[in-house]
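As stored in start-v8.txt (compact mmCIF, C-alpha atoms):
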# COMPACT_ATOMS: atom_id res chain seq x y z
CA MET A 1 -22.71 -13.47 -13.96
CA THR A 2 -25.39 -11.11 -15.21
CA ALA A 3 -25.10 -9.66 -18.71
CA THR A 4 -25.62 -5.94 -19.14
CA THR A 5 -26.95 -3.93 -22.05
CA ASN A 6 -23.36 -3.17 -23.03
CA LEU A 7 -22.22 -6.06 -25.24
CA PHE A 8 -18.52 -6.03 -24.47
CA PHE A 9 -18.58 -6.60 -20.72
CA THR A 10 -20.42 -8.31 -17.91
CA GLU A 11 -20.30 -7.45 -14.23
CA THR A 12 -20.09 -9.58 -11.12
CA PRO A 13 -20.86 -8.17 -7.65
CA GLY A 14 -18.33 -9.19 -5.03
CA THR A 15 -15.34 -8.01 -3.06
CA PRO A 16 -13.73 -6.47 -4.94
CA TYR A 17 -16.57 -5.46 -7.24
CA GLN A 18 -15.79 -6.95 -10.62
CA TYR A 19 -16.29 -5.84 -14.20
CA VAL A 20 -15.39 -8.68 -16.55
CA PHE A 21 -14.91 -7.61 -20.15
CA ASP A 22 -14.87 -9.66 -23.31
CA PRO A 23 -11.28 -10.98 -23.78
CA ALA A 24 -11.16 -9.34 -27.21
CA VAL A 25 -11.66 -5.81 -25.85
CA SER A 26 -8.97 -3.28 -26.78
CA VAL A 27 -7.29 -0.88 -24.34
CA GLU A 28 -8.83 1.97 -26.35
CA SER A 29 -12.36 0.58 -25.88
CA PHE A 30 -11.76 -0.13 -22.21
CA THR A 31 -10.41 3.36 -21.60
CA ALA A 32 -13.34 4.97 -23.40
CA TRP A 33 -15.77 2.89 -21.32
CA TYR A 34 -14.01 3.89 -18.10
CA GLN A 35 -14.13 7.58 -19.04
CA ALA A 36 -17.86 7.32 -19.74
CA ASN A 37 -18.59 5.53 -16.46
CA THR A 38 -16.37 7.31 -13.95
CA VAL A 39 -19.25 8.30 -11.68
CA MET A 40 -20.55 4.73 -11.52
CA ILE A 41 -17.06 3.35 -10.87
CA ASP A 42 -16.48 5.84 -8.04
CA GLU A 43 -19.81 4.84 -6.49
CA ARG A 44 -18.86 1.16 -6.60
CA LEU A 45 -15.46 2.02 -5.15
CA ARG A 46 -16.95 3.84 -2.16
CA VAL A 47 -19.24 0.89 -1.38
CA HIS A 48 -16.80 -1.99 -1.96
CA GLY A 49 -13.45 -0.29 -1.43
CA ALA A 50 -11.96 -1.98 -4.51
CA VAL A 51 -12.98 -2.60 -8.11
CA LEU A 52 -11.42 -5.26 -10.35
CA PHE A 53 -11.50 -4.84 -14.12
CA ARG A 54 -10.80 -8.13 -15.87
CA HIS A 55 -9.77 -8.48 -19.56
CA THR A 56 -8.83 -4.82 -20.04
CA GLY A 57 -6.52 -5.50 -22.97
CA ILE A 58 -3.47 -4.21 -21.04
CA ARG A 59 -0.42 -6.31 -21.90
CA ASP A 60 2.54 -4.03 -21.20
CA ILE A 61 3.61 -0.87 -19.42
CA ASP A 62 2.88 1.38 -22.41
CA GLN A 63 -0.73 0.19 -22.54
CA PHE A 64 -1.03 0.64 -18.78
CA ASN A 65 0.28 4.17 -19.18
CA TYR A 66 -2.24 4.79 -21.99
CA VAL A 67 -5.11 3.79 -19.71
CA LEU A 68 -3.81 5.91 -16.84
CA ASP A 69 -3.47 8.94 -19.11
CA GLY A 70 -7.11 8.47 -20.05
CA VAL A 71 -8.58 8.02 -16.57
CA THR A 72 -6.44 10.16 -14.24
CA HIS A 73 -4.25 13.25 -14.48
CA LYS A 74 -2.94 13.50 -10.94
CA LEU A 75 -0.65 10.53 -10.30
CA LYS A 76 1.67 10.77 -7.31
CA SER A 77 5.28 9.75 -6.99
CA TYR A 78 6.40 7.24 -4.36
CA THR A 79 8.44 9.88 -2.55
CA ASP A 80 8.83 8.99 1.15
CA GLY A 81 8.09 5.32 0.50
CA PHE A 82 10.03 2.52 2.18
CA SER A 83 9.12 -0.56 0.13
CA PRO A 84 11.81 -1.60 -2.37
CA ARG A 85 10.44 -0.79 -5.82
CA SER A 86 11.65 0.69 -9.09
CA LYS A 87 10.28 3.67 -10.97
CA LEU A 88 9.73 2.44 -14.52
CA GLN A 89 7.96 5.18 -16.44
CA SER A 90 6.49 8.52 -15.36
CA ASN A 91 4.84 7.61 -12.02
CA ILE A 92 4.52 3.88 -12.71
CA TYR A 93 6.41 1.58 -10.34
CA THR A 94 6.99 -2.09 -9.70
CA SER A 95 4.53 -3.07 -6.99
CA THR A 96 7.30 -4.39 -4.72
CA GLU A 97 10.65 -6.13 -4.96
CA TYR A 98 10.57 -8.11 -1.73
CA ASP A 99 11.59 -11.76 -2.11
CA ALA A 100 8.93 -14.06 -3.54
CA ASP A 101 8.66 -16.12 -0.35
CA TYR A 102 7.93 -13.06 1.81
CA TYR A 103 4.37 -12.23 2.94
CA ILE A 104 3.73 -8.48 2.91
CA THR A 105 1.18 -7.79 5.62
CA LEU A 106 -1.95 -5.73 5.04
CA HIS A 107 -1.43 -1.98 5.11
CA ASN A 108 -2.70 1.30 3.67
CA GLU A 109 -0.13 2.75 1.27
CA LEU A 110 1.96 5.53 2.84
CA SER A 111 -0.39 5.78 5.82
CA TYR A 112 2.62 6.82 7.91
CA SER A 113 2.98 9.87 5.67
CA ALA A 114 1.02 13.12 5.56
CA ASN A 115 0.87 12.71 1.78
CA TRP A 116 -0.75 9.34 1.15
CA PRO A 117 -2.49 8.45 -2.15
CA ASP A 118 -6.28 8.28 -2.33
CA LYS A 119 -6.37 5.55 -4.97
CA LEU A 120 -4.08 2.77 -6.17
CA PHE A 121 -4.02 1.19 -9.64
CA PHE A 122 -2.52 -2.32 -9.73
CA CYS A 123 -2.06 -3.90 -13.16
CA CYS A 124 -1.09 -7.51 -13.88
CA ILE A 125 1.33 -7.85 -16.79
CA ILE A 126 2.58 -11.35 -15.90
CA PRO A 127 0.54 -13.42 -13.41
CA PRO A 128 2.55 -15.54 -10.96
CA GLY A 129 2.89 -19.28 -11.40
CA GLY A 130 1.26 -19.82 -8.03
CA GLY A 131 0.13 -17.60 -5.15
CA GLY A 132 1.17 -13.97 -5.41
CA GLU A 133 -2.31 -12.55 -4.87
CA THR A 134 -2.71 -8.98 -3.68
CA PRO A 135 -4.91 -9.56 -0.63
CA ILE A 136 -7.25 -6.76 0.34
CA ALA A 137 -9.22 -6.13 3.53
CA ASP A 138 -11.96 -3.60 4.26
CA CYS A 139 -10.63 -1.28 6.98
CA ARG A 140 -14.16 -0.51 8.14
CA ASN A 141 -14.58 -4.19 9.00
CA ILE A 142 -11.20 -4.32 10.74
CA LEU A 143 -12.13 -1.37 12.95
CA ARG A 144 -15.56 -2.77 13.80
CA ALA A 145 -14.02 -6.10 14.85
CA MET A 146 -11.28 -4.66 17.06
CA ARG A 147 -11.25 -5.11 20.81
CA PRO A 148 -12.87 -1.87 22.11
CA ASP A 149 -10.27 -1.12 24.79
CA LEU A 150 -7.37 -1.63 22.37
CA LEU A 151 -9.04 0.52 19.72
CA ASP A 152 -9.68 3.25 22.28
CA THR A 153 -6.01 3.27 23.28
CA PHE A 154 -4.93 3.66 19.65
CA ARG A 155 -7.48 6.43 19.09
CA LYS A 156 -6.16 8.36 22.08
CA LYS A 157 -2.42 7.83 21.58
CA GLY A 158 -2.05 7.55 17.81
CA VAL A 159 1.06 5.91 16.36
CA ARG A 160 4.67 6.89 15.78
CA TYR A 161 6.81 5.65 12.89
CA ILE A 162 10.59 5.79 13.16
CA ARG A 163 12.90 5.09 10.22
CA ASN A 164 16.69 5.17 10.07
CA VAL A 165 17.54 5.37 6.39
CA HIS A 166 21.08 4.79 5.14
CA GLY A 167 22.92 7.00 2.68
CA GLY A 168 23.82 4.29 0.16
CA GLN A 169 25.43 1.51 2.19
CA GLY A 170 22.88 -0.72 3.86
CA ALA A 171 19.73 -2.80 3.52
CA GLY A 172 16.59 -1.36 2.00
CA PRO A 173 16.17 1.89 0.04
CA SER A 174 18.61 4.71 0.75
CA TRP A 175 17.39 8.22 1.55
CA GLN A 176 18.39 9.15 -2.01
CA GLU A 177 16.05 6.47 -3.38
CA THR A 178 13.35 7.25 -0.81
CA TYR A 179 13.16 10.90 -1.85
CA GLU A 180 14.32 10.53 -5.46
CA THR A 181 17.08 13.11 -4.99
CA ASP A 182 20.74 13.40 -3.97
CA SER A 183 20.13 16.77 -2.29
CA ARG A 184 19.93 16.99 1.49
CA GLU A 185 18.25 20.37 1.12
CA VAL A 186 15.44 18.91 -0.99
CA VAL A 187 14.91 16.18 1.60
CA GLU A 188 14.84 18.68 4.46
CA THR A 189 12.29 20.86 2.65
CA PHE A 190 10.08 17.85 1.99
CA CYS A 191 10.25 16.83 5.64
CA ARG A 192 9.39 20.29 6.92
CA ASN A 193 6.45 20.54 4.51
CA ASN A 194 5.10 17.13 5.55
CA ASN A 195 5.44 17.24 9.34
CA ILE A 196 8.39 14.84 9.46
CA ARG A 197 10.94 15.33 12.22
CA PHE A 198 14.39 14.51 10.88
CA ALA A 199 18.00 14.32 12.02
CA TRP A 200 21.20 13.52 10.14
CA LYS A 201 23.29 10.87 11.88
CA GLU A 202 26.76 9.42 11.40
CA ASP A 203 27.67 7.77 8.09
CA ASP A 204 25.08 9.82 6.16
CA MET A 205 22.22 8.15 8.04
CA LEU A 206 18.88 9.97 8.17
CA GLN A 207 16.40 9.46 11.00
CA LEU A 208 12.75 10.19 10.24
CA ILE A 209 9.97 10.39 12.85
CA GLN A 210 6.31 10.69 11.85
CA ASP A 211 3.38 10.89 14.28
CA ARG A 212 0.05 9.91 12.77
CA PRO A 213 -3.47 8.98 13.91
CA ALA A 214 -4.32 5.28 14.02
CA THR A 215 -7.78 5.86 12.53
CA ILE A 216 -9.15 8.48 10.16
CA LYS A 217 -12.49 9.32 8.55
CA HIS A 218 -13.01 8.87 4.83
CA PRO A 219 -13.25 12.33 3.22
CA VAL A 220 -16.31 11.39 1.13
CA THR A 221 -18.24 8.77 3.13
CA GLY A 222 -17.32 10.07 6.59
CA GLU A 223 -16.77 6.49 7.80
CA GLU A 224 -14.08 5.87 10.41
CA VAL A 225 -11.47 3.33 9.32
CA TRP A 226 -8.41 1.61 10.75
CA PHE A 227 -5.69 3.45 8.81
CA ASN A 228 -2.08 2.72 9.69
CA GLN A 229 0.72 0.24 9.20
CA VAL A 230 2.33 0.29 12.60
CA ASP A 231 2.47 -3.52 12.71
CA GLN A 232 4.81 -3.44 9.67
CA PHE A 233 7.16 -1.11 11.55
CA HIS A 234 7.08 -3.16 14.75
CA PRO A 235 10.03 -5.59 15.05
CA SER A 236 7.77 -8.45 16.19
CA HIS A 237 6.97 -9.17 12.53
CA LEU A 238 10.58 -10.26 11.95
CA PRO A 239 11.80 -13.86 12.36
CA GLU A 240 13.22 -14.32 15.86
CA ASP A 241 16.82 -14.85 14.72
CA ILE A 242 16.80 -11.67 12.60
CA TYR A 243 15.17 -9.69 15.40
CA ASP A 244 17.80 -10.87 17.90
CA MET A 245 20.62 -10.03 15.49
CA LEU A 246 19.27 -6.53 14.83
CA MET A 247 18.81 -5.82 18.53
CA MET A 248 22.39 -6.91 19.19
CA MET A 249 23.70 -4.75 16.33
CA HIS A 250 21.80 -1.72 17.68
CA ASN A 251 22.62 -2.28 21.37
CA ASN A 252 18.96 -3.00 22.17
CA ASP A 253 18.01 0.54 21.14
CA VAL A 254 14.71 0.12 19.28
CA ASN A 255 14.79 3.74 18.12
CA SER A 256 17.89 3.05 16.03
CA LEU A 257 16.44 0.04 14.19
CA PRO A 258 15.84 0.49 10.43
CA MET A 259 12.11 0.73 11.26
CA TYR A 260 10.23 0.92 14.54
CA GLY A 261 6.59 1.52 15.42
CA CYS A 262 5.16 2.56 18.79
CA PHE A 263 2.37 4.69 20.23
CA GLY A 264 2.36 8.38 19.38
CA ASP A 265 3.58 9.32 22.86
CA GLY A 266 6.65 7.12 22.42
CA SER A 267 5.44 4.29 24.68
CA PRO A 268 5.87 0.75 23.33
CA ILE A 269 3.05 -1.32 21.88
CA ASP A 270 2.78 -4.77 23.42
CA GLU A 271 3.86 -7.50 21.00
CA ASN A 272 0.72 -9.50 21.78
CA ASP A 273 -1.43 -6.53 20.75
CA ILE A 274 0.50 -6.21 17.48
CA ARG A 275 -0.01 -9.91 16.76
CA GLU A 276 -3.71 -9.59 17.60
CA ILE A 277 -4.10 -6.69 15.15
CA ARG A 278 -2.21 -8.51 12.42
CA ALA A 279 -4.27 -11.69 12.89
CA LEU A 280 -7.51 -9.70 12.86
CA ALA A 281 -6.57 -7.95 9.61
CA ASP A 282 -5.59 -11.27 8.03
CA SER A 283 -8.94 -12.77 9.02
CA LYS A 284 -10.69 -10.09 6.92
CA ARG A 285 -8.54 -10.44 3.80
CA VAL A 286 -9.92 -11.44 0.41
CA LEU A 287 -7.75 -13.21 -2.16
CA THR A 288 -8.36 -13.00 -5.91
CA PRO A 289 -5.87 -14.81 -8.18
CA TRP A 290 -4.28 -12.51 -10.75
CA GLN A 291 -4.96 -12.91 -14.46
CA GLN A 292 -3.06 -11.15 -17.21
CA SER A 293 -4.45 -7.66 -18.00
CA ASP A 294 -6.31 -7.40 -14.68
CA LEU A 295 -6.59 -3.84 -13.38
CA LEU A 296 -7.36 -3.49 -9.66
CA LEU A 297 -8.54 -0.09 -8.43
CA VAL A 298 -8.25 0.36 -4.65
CA ASP A 299 -9.55 3.10 -2.38
CA ASN A 300 -6.44 3.41 -0.22
CA ILE A 301 -8.37 4.67 2.81
CA LEU A 302 -11.20 2.15 2.81
CA VAL A 303 -9.10 -0.90 1.93
CA SER A 304 -5.69 -2.19 2.96
CA HIS A 305 -3.60 -4.47 0.75
CA GLY A 306 -0.57 -6.76 0.90
CA ARG A 307 1.12 -9.49 -1.12
CA MET A 308 1.07 -13.25 -0.77
CA PRO A 309 4.20 -15.37 -1.36
CA TYR A 310 4.45 -16.76 -4.89
CA THR A 311 6.26 -19.02 -7.31
CA GLY A 312 7.32 -18.34 -10.90
CA GLU A 313 7.60 -14.94 -12.52
CA ARG A 314 5.29 -12.15 -11.35
CA LYS A 315 5.00 -8.65 -12.79
CA ILE A 316 2.47 -6.36 -11.15
CA LEU A 317 2.74 -2.62 -11.80
CA VAL A 318 1.32 0.10 -9.59
CA ALA A 319 0.42 3.77 -9.93
CA MET A 320 -0.92 6.07 -7.21
CA GLU A 321 -3.41 8.90 -7.37

I'd like the structure from this file rewritten - as structure tokens, please.
Amino acid sequence: MTATTNLFFTETPGTPYQYVFDPAVSVESFTAWYQANTVMIDERLRVHGAVLFRHTGIRDIDQFNYVLDGVTHKLKSYTDGFSPRSKLQSNIYTSTEYDADYYITLHNELSYSANWPDKLFFCCIIPPGGGGETPIADCRNILRAMRPDLLDTFRKKGVRYIRNVHGGQGAGPSWQETYETDSREVVETFCRNNNIRFAWKEDDMLQLIQDRPATIKHPVTGEEVWFNQVDQFHPSHLPEDIYDMLMMMHNNDVNSLPMYGCFGDGSPIDENDIREIRALADSKRVLTPWQQSDLLLVDNILVSHGRMPYTGERKILVAME
């Protein structure tokens, strides 16, 4: 660890790039330092895809909000999201509310949407007793390591995401929670403005269909990256007994499942190809154990993220820019 001329922090190159501050630093000092070094931080972010600030002084949601107010003024809501999470304050959310023993596979946040965030801010208020890391993987490396013929197929066909969202009675977030409104008209306007095909079904069910590219180019660096989460939508990620039960409940109609992912032309993606992609992404992941007051800044295009299973209490907050 190499000391810098600034006395209250040191920096450690790595993935993610790390700035490790003196444990006695205040949130006010950290925020002032961030404001003064935004250009440098953005440069590190474009190279490494993620930057970890350790010992930021953040201990609660109000201090996290203070830092966010000082370093960004364009936070996004989680509108159109499908992960179970709660909105706590302004545009600060719980990172996820999936069960502790569940592994959340690597993905780019809201990559199925036309309105994805550019950056993510993860903040550790309570570190888990064990596990619970937020794994990250460089999407440039994932793309470079992909089988050329499979990558070419995804480039040509793109991906399609299908969701069937309940109206208040069912598993997962309802359409009211997904769009933070009780108004069908508001939902329909959002869908039209964001290239989402939609249809109202029986029992207040809403079907959403989004066609997206499988790769995109970073708007600043121009680098092509693997940018999608179709493997999360594909039913092969489910345990076999749950998959069989869902297929029986939906009369083997994959398009009526709560979530389904396929190629952009509607043709199915082979389960072996999905498993290959998921294994490749996992092989590129980097794990960094959480410490209290950690702040992880992620370029949502360059880097995918997930969540490892954990024990004990875990409180990670997230905001999106």

Item to complete: Write out as a PyMOL selection string which residues come within 12 Å of region 184-192 of chain A when counting only C-alpha atoms, dropping same-chain ones fewer than 5 positions away.
Response: chain A and resi 79-80+113-115+167+175-179+197-200+204-210

Item to complete: Find the distance between CA of Ile162 (chain A) and CA of Phe82 (chain A) and write it in Å to one decimal.
Response: 11.5 Å

Worksheet item: Could you list as number ranges by chain every residue that has an atom within 9 Å of (1.8, -10.6, -5.0), using the file's coordinates and counting all atoms listed in the file?
Response: A: 95-96, 100, 103-104, 127-128, 131-135, 290, 306-310, 314-316

Worksheet item: Quick one: of A:Thr221, A:Ser77, A:Asn37, A:Gln18, who's nearest to Glu180 (chain A), counting only C-alpha atoms?
Response: A:Ser77

Practice prompt. Point out the residue among A:Ile58, A:Val39, A:Ala145, A:Leu302 with the least atom-to-atom distance to Pro16 (chain A), counting only C-alpha atoms.
Written response: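 Checking each of A:Ile58, A:Val39, A:Ala145, A:Leu302 against Pro16 (chain A), counting only C-alpha atoms, the winner is A:Leu302.
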
Item to complete: Tell me, in Å to one decimal, how far CA of Ile125 (chain A) is from CA of Gln292 (chain A).
Response: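 For CA of Ile125 (chain A) relative to CA of Gln292 (chain A), the distance reads 5.5 Å.
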
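Distances here use all atoms listed in the file; by that measure, the residue among A:His55, A:Lys76, A:Lys87, A:His237 closest to Ala279 (chain A) is A:His237.
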